[in-house]
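S.K.: Quick one: the structure is below, and I'll ask about it shortly.
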4 protein chains.
Amino acid sequence: MDMVGLELLNSMCRFPTFVLVKDTAILLLHCPDQKGIVAAITDFVDKNNGNIINLDEHVDCDVGHFFMRVEWELDDFLIPKEKISEYVDTLVAKRFNLKFEVKFKKTKPRVALFVSKYSHCLFDILSRYESKEWNIEIPIIISNHEKFSYIGERYGIPFHYYELTNDNRKEIEAQEYHLLKTYDVDLIVLARYMQILSDDFCTRFENRIINIHHSSLPAFAGADPYRAAYERGVKFIGATAHYVTAELDAGPIITQDVIPISHNDSIKNMKRKGKDIEKIVLANAIWAHINQKIITHQNKTVVFA
Amino acid sequence: MDMVGLELLNSMCRFPTFVLVKDTAILLLHCPDQKGIVAAITDFVDKNNGNIINLDEHVDCDVGHFFMRVEWELDDFLIPKEKISEYVDTLVAKRFNLKFEVKFKKTKPRVALFVSKYSHCLFDILSRYESKEWNIEIPIIISNHEKFSYIGERYGIPFHYYELTNDNRKEIEAQEYHLLKTYDVDLIVLARYMQILSDDFCTRFENRIINIHHSSLPAFAGADPYRAAYERGVKFIGATAHYVTAELDAGPIITQDVIPISHNDSIKNMKRKGKDIEKIVLANAIWAHINQKIITHQNKTVVFA
Amino acid sequence: MDMVGLELLNSMCRFPTFVLVKDTAILLLHCPDQKGIVAAITDFVDKNNGNIINLDEHVDCDVGHFFMRVEWELDDFLIPKEKISEYVDTLVAKRFNLKFEVKFKKTKPRVALFVSKYSHCLFDILSRYESKEWNIEIPIIISNHEKFSYIGERYGIPFHYYELTNDNRKEIEAQEYHLLKTYDVDLIVLARYMQILSDDFCTRFENRIINIHHSSLPAFAGADPYRAAYERGVKFIGATAHYVTAELDAGPIITQDVIPISHNDSIKNMKRKGKDIEKIVLANAIWAHINQKIITHQNKTVVFA
Amino acid sequence: MDMVGLELLNSMCRFPTFVLVKDTAILLLHCPDQKGIVAAITDFVDKNNGNIINLDEHVDCDVGHFFMRVEWELDDFLIPKEKISEYVDTLVAKRFNLKFEVKFKKTKPRVALFVSKYSHCLFDILSRYESKEWNIEIPIIISNHEKFSYIGERYGIPFHYYELTNDNRKEIEAQEYHLLKTYDVDLIVLARYMQILSDDFCTRFENRIINIHHSSLPAFAGADPYRAAYERGVKFIGATAHYVTAELDAGPIITQDVIPISHNDSIKNMKRKGKDIEKIVLANAIWAHINQKIITHQNKTVVFA
């Protein structure tokens with residue numbers, strides 16, 4: 001067994017001493033809030049001999065909506081892995097008007113990185129990848145600059161450079177889309193990718209493109225937020241990781257963090273300090289996504305702990 | 001209906017538009033982790049026609065222990081309020097080896113304040129009391145100084161002053177104990193009460209005495225933590241609210257917070273800044289306790305959100 | 001000597017063991033950045049036998065502007081207290097094109113409180129006032145509601161209630177202005193005062209009206225910021241204390257703080273948590289102002305530690 | 001001019017548009033607090049035609065000690081660079097009983113990395129090095145494991161592996177010492193180096209070895225702090241960067257940070273989250289050191305902003 005296996009194993013809960021990683025099913029669901037839903041879901045897993053190892057639920061009282069994440073071991077589960085989705089649909093989803101997804105722990109998400117000329121998020125993600133901190137594959141890096149092609153070589157990851165102009169945007173996106181399909185990409189991470197994606201592209205990868213914006217949104221959306229923060233004289237700067245939607249910097253927020261600043265901080269200094277929160281906030285969002293912790297509803301996220 | 005009622009009402013979940021506050025039952029439980037427990041509890045509530053409005057569970061994977069808080073409406077619940085504890089005991093507690101408590105939302109906790117010469121926590125608690133931020137009664141204030149007797153008068157709360165000496169400690173504690181019983185006190189809050197309680201006293205009010213310590217425990221237990229922080233040259237100071245146990249400053253931690261400091265902060269300044277986090281950290285701990293959010297196990301707390 | 005005196009004394013720097021509080025002069029200045037300014041100022045104090053006990057300076061490199069705060073003891077200072085301003089003007093201000101103010105430690109700022117129906121900031125300020133945490137006088141409380149008139153009585157502070165309508169705004173402001181002049185008010189604190197002041201009024205008290213806004217400005221300016229925060233799905237909420245200018249919620253920011261929230265936080269809960277940061281952020285801004293720590297320039301503040 | 005030059009240039013203050021980086025002198029000093037010291041220092045620089053671009057001073061009132069950092073441009077400075085130290089000594093140090101150091105901006109610190117088996121701090125430092133975020137040279141990496149020898153190759157940095165046993169510690173340290181002298185190392189960074197250095201070694205590199213400890217010292221000194229944090233049930237974990245002294249985990253603290261945790265965080269999860277604050281806290285300490293922001297006195301640091 002390799003190190004990744006051990007890592008996974010140790011992050012599991014009820015059987016920390018087992019030698020092999022057990023696969024688990026993760027059911028993410030949401031629906032209008034209603035009576036009996038928790039009992040119905042736990043009963044479904046329990047009756048079919050699933051051992052629940054994590055359960056989180058949330059009711060948004062302000063709009064009356066219910067969210068749940070439940071994870072159970074597949075070892076003795078009576079329903080075959082490939083049939084779980086169908087059975088959930090038949091047995092509970094219709095009754096409660098659920099929207100749901102079923103994921104499996106052993107399935108490695110395949111993550112494409114988009115980058116321009118800033119290295120801090122890129123290097124941080126690759127450092128985590130290299131140290132196997134995350135259970136992912138990175139099959140491809142895409143950039144509108146050649147600057148980091150040597151990084152692709154270093155890590156053995158195909159690096160695709162596209163020379164973007166105002167005229168070829170649509171065509172390049174079509175090529176990128178083809179590439180992402182070819183590499184079977186589950187998640188796109190914009191690691192300070194300084195280009196705007198088309199509405200079409202955003203829609204095709206709904207809730208599957210994570211961007212890092214260098215401000216505490218909704219403050220200072222758009223370009224040059226540190227200068228804007230300097231000019232407004234704020235006492236905190238921040239970073240925001242969010243799913244990308246057609247409307248710029250307006251998608252569902254996944255993670256945010258802030259740090260205090262003062263008059264002592266020049267714009268230069270804000271940028272220096274900002275890089276560190278940008279990379280950590282982005283990493284936390286990626287972690288939550290690849291560990292199936294996020295449910296998105298009405299342009300907002302529920303991110304379970 | 002009075003303002004408190006409306007306040008309570010609005011904090012309720014599934015029926016935010018109802019005019020009257022509904023009472024709820026809150027079941028806090030913990031046991032060795034085991035299969036089927038969530039399903040069994042939710043089934044118990046559901047089958048007896050209880051409408052679950054909040055459910056939180058936690059598995060401590062490092063020791064294999066399960067914790068749960070579930071809250072449901074009593075309106076149509078089939079088991080009478082005064083019988084719920086007995087039925088939980090009979091129907092689920094024995095099977096799963098549960099430790100549990102049943103509480104009711106409408107029952108106002110009765111809180112005694114102990115204070116010495118610092119006003120910041122005392123004034124903060126009374127401000128919240130006066131503005132009905134908390135659903136509590138404060139039937140009594142006890143102090144080893146006369147300084148704040150005028151405060152008792154202002155709020156119409158009996159104020160008991162005891163002149164403590166090294167010789168009369170045991171006797172005074174006996175009187176205090178009698179007083180607390182007379183006033184039917186559920187919770188004791190040491191609002192910067194600068195006296196050590198006897199082991200006996202602590203044991204009698206296990207998990208029902210909350211103290212605020214002016215450091216981020218376990219750093220700087222004991223007297224004069226700000227001086228100790230200054231001398232060690234730390235870059236953060238903090239405050240810790242914890243249940244009081246026989247061992248000084250070693251009881252289960254409920255809430256903590258910290259603030260950054262620098263070489264600019266003199267001991268005087270640390271004390272000034274520290275007062276603000278002390279009062280907020282203490283208030284957060286009281287809030288969690290009176291809202292039945294805390295389960296204590298093996299000198300640690302689970303504090304549900 | 002009273003307790004306030006001792007408090008002040010202990011916060012002094014070079015002579016912590018003296019029994020009487022010494023008065024100090026505080027010079028706040030700013031000017032275009034230029035060579036020799038620090039040397040000129042320190043030389044001015046030193047040559048006239050002033051003992052500098054605090055010196056802070058800041059250069060805003062992005063716009064080339066210089067800021068300085070210097071505090072010295074008046075005991076042996078050769079220039080009489082009432083002449084210091086004139087001498088600074090003659091000897092250094094003209095040479096360096098300084099804008100400056102001279103303040104004295106022993107002069108107690110006179111602070112008027114404006115309040116509507118929320119108590120948390122009001123009670124917090126009065127608690128600090130009652131415990132002599134701040135070296136101020138509060139000669140008057142003004143409100144557009146009668147709710148807190150009993151609080152004025154409790155603290156022996158004249159409480160003026162004005163029934164504001166859309167028609168009498170100008171007239172009432174004139175009366176308030178007269179009152180503030182009568183009571184010789186130095187600083188106005190809007191302790192969650194839910195009314196907009198006229199441009200005229202703001203201009204007359206430039207940099208002397210502190211407001212607390214219940215968001216991390218510039219995010220969620222205007223009414224109901226917690227609902228706006230909920231709707232945008234942010235992961236932090238905050239509070240901002242700022243000087244009031246004619247443009248709503250756009251004045252120079254003095255202090256800000258934020259706290260993390262999650263999907264667990266209903267609007268109700270945000271408001272509850274928000275109250276605590278609002279009162280602390282406001283208190284920190286008042287502290288900085290009354291301790292002469294703030295220089296305002298181009299709608300931004302320099303707040304020395 | 002290369003990118004580093006431009007980077008440096010832009011971080012300079014009064015002449016942001018110049019094309020060439022100007023060298024500056026940085027004087028760090030401390031002495032018993034006394035009258036006239038600021039005036040004397042600023043006068044020394046001013047009279048010799050130095051243009052002060054940064055000045056920070058601090059008086060520790062609790063012990064009566066004065067600290068100062070002043071930075072000025074060397075362009076027109078009358079005293080030759082190599083004579084500055086001598087002139088400071090003669091003209092001011094003796095009069096005020098100063099301890100001082102003179103540093104120059106253009107002199108690149110030479111930093112040796114010590115590492116064991118954890119990669120997160122190592123990779124973070126090398127990412128900053130690769131992106132030229134810091135103006136340093138890393139001439140050597142030393143490890144008690146072979147694991148990262150490939151990293152030395154990747155970055156073209158000599159990697160020295162020493163097989164440490166309980167018997168050869170002294171001998172290996174002698175070799176390391178020789179190596180550090182050969183490579184003319186100014187600063188040693190223990191990037192999660194899991195070995196204890198001898199008293200001798202620590203003394204030879206006083207205030208020149210930075211360690212990252214994975215707790216908020218003084219809480220949880222020693223081995224396995226995350227387990228200790230878990231067992232005490234704290235609500236915050238932290239990291240501390242400090243200069244290494246003979247006494248383990250007791251040297252002067254440079255930077256600290258903390259993050260909130262809850263019952264939800266297993267030891268595994270604390271370690272995961274802890275890695276991120278460890279690397280940022282260490283990076284901030286290195287940044288402060290290489291930018292000559294730190295003065296150490298009586299086992300504590302003054303770290304200017």
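In the structure tokens, chains take letters A, B, ... by order of appearance, with residues numbered from 1 within each chain and ligands from 1 in the order shown.
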Would you give me, as a PyMOL selection string, the residues of chain B that come within 9 Å of chain A, using only C-alpha atoms?

M.R.: chain B and resi 12-16+33-36+38-46+50-62+64

S.K.: Would you mind listing what lies within 8 Å of Ile157 (chain B) as a PyMOL selection string, with only C-alpha atoms counted and same-chain residues fewer than 4 positions away left out?

M.R.: chain B and resi 138-141+152-153

S.K.: Could you give me, as a tab-separated table (two decimals) with C-alpha atoms, in the first residue's frame, the residues within 12 Å of Asp186 (chain B), counting only C-alpha atoms and dropping anything in the same chain fewer than 4 positions from it?

M.R.:
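The resulting file, around_28.tsv, is shown below:
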```
chain	number	residue	atom	x	y	z
B	107	THR	CA	-37.57	26.85	31.03
B	108	LYS	CA	-35.53	29.93	31.95
B	109	PRO	CA	-32.12	29.13	33.47
B	110	ARG	CA	-31.55	30.85	36.83
B	111	VAL	CA	-28.07	32.34	36.93
B	112	ALA	CA	-26.13	33.55	39.99
B	113	LEU	CA	-23.30	36.03	39.46
B	136	ILE	CA	-32.50	33.96	31.87
B	137	GLU	CA	-33.28	35.06	35.39
B	138	ILE	CA	-30.55	36.50	37.61
B	139	PRO	CA	-31.94	36.02	41.11
B	140	ILE	CA	-28.76	36.87	43.03
B	180	LEU	CA	-27.95	29.15	45.86
B	181	LYS	CA	-30.34	26.37	46.80
B	182	THR	CA	-32.86	28.87	48.18
B	204	ARG	CA	-21.63	19.96	43.85
B	205	PHE	CA	-22.02	22.26	40.84
B	206	GLU	CA	-20.24	20.11	38.27
B	207	ASN	CA	-20.54	21.67	34.79
B	208	ARG	CA	-22.65	24.42	36.31
B	209	ILE	CA	-19.97	26.96	37.26
B	210	ILE	CA	-18.50	29.00	34.42
B	286	ILE	CA	-23.00	31.67	28.90
B	289	HIS	CA	-24.80	26.99	28.14
B	290	ILE	CA	-28.23	28.60	28.46
```

S.K.: I need the strand (DSSP E) residues of region 64-231 of chain A per DSSP on the backbone, written as a ChimeraX atom specification.

M.R.: /A:65-73,99-104,110-115,137-143,159-161,187-190,209-213

S.K.: Write a file of the selected residues as a short mmCIF file (atom, residue, chain, number, x, y, z; two decimals), in the first residue's frame, keeping C-alpha atoms.

M.R.:
```cif
data_model
loop_
_atom_site.label_atom_id
_atom_site.label_comp_id
_atom_site.auth_asym_id
_atom_site.auth_seq_id
_atom_site.Cartn_x
_atom_site.Cartn_y
_atom_site.Cartn_z
CA HIS A 65 -34.49 24.82 3.02
CA PHE A 66 -32.85 21.61 4.19
CA PHE A 67 -29.28 20.44 3.44
CA MET A 68 -27.59 17.17 4.36
CA ARG A 69 -24.35 15.31 3.86
CA VAL A 70 -24.12 11.73 4.95
CA GLU A 71 -21.18 9.37 4.47
CA TRP A 72 -21.24 5.64 5.04
CA GLU A 73 -19.05 2.62 4.47
CA LYS A 99 -31.81 17.30 -5.32
CA PHE A 100 -28.86 15.02 -4.64
CA GLU A 101 -25.48 13.72 -5.72
CA VAL A 102 -23.71 10.50 -4.77
CA LYS A 103 -19.90 10.50 -4.63
CA PHE A 104 -17.31 7.94 -3.61
CA ARG A 110 -9.27 15.27 -11.75
CA VAL A 111 -8.29 18.92 -11.45
CA ALA A 112 -7.18 21.27 -14.24
CA LEU A 113 -5.17 24.37 -13.29
CA PHE A 114 -5.53 27.66 -15.17
CA VAL A 115 -2.79 30.18 -14.47
CA GLU A 137 -4.97 14.03 -10.09
CA ILE A 138 -3.78 17.12 -11.96
CA PRO A 139 -3.82 16.00 -15.61
CA ILE A 140 -3.30 19.41 -17.17
CA ILE A 141 -2.19 23.03 -16.72
CA ILE A 142 -3.55 25.70 -19.07
CA SER A 143 -2.13 29.21 -19.37
CA PHE A 159 1.14 22.35 -20.05
CA HIS A 160 -0.99 24.02 -22.71
CA TYR A 161 -0.21 27.56 -23.69
CA LEU A 187 -12.80 20.57 -11.48
CA ILE A 188 -11.15 23.68 -12.91
CA VAL A 189 -9.09 25.84 -10.56
CA LEU A 190 -8.31 29.39 -11.64
CA ILE A 209 -14.78 26.18 -11.63
CA ILE A 210 -13.19 27.68 -8.51
CA ASN A 211 -11.69 31.15 -8.73
CA ILE A 212 -9.68 33.07 -6.15
CA HIS A 213 -10.49 36.77 -5.99
#
```

S.K.: Expressed in Å to a single decimal, how great is the separation between CA of Cys31 (chain D) and CA of Lys94 (chain D)?

M.R.: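 Taking CA of Cys31 (chain D) as the start and CA of Lys94 (chain D) as the end point, the length is 10.5 Å.
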
S.K.: One decimal, Å: what's the distance from CA of Ile151 (chain B) over to CA of Ala191 (chain B), could you say?

M.R.: 13.9 Å
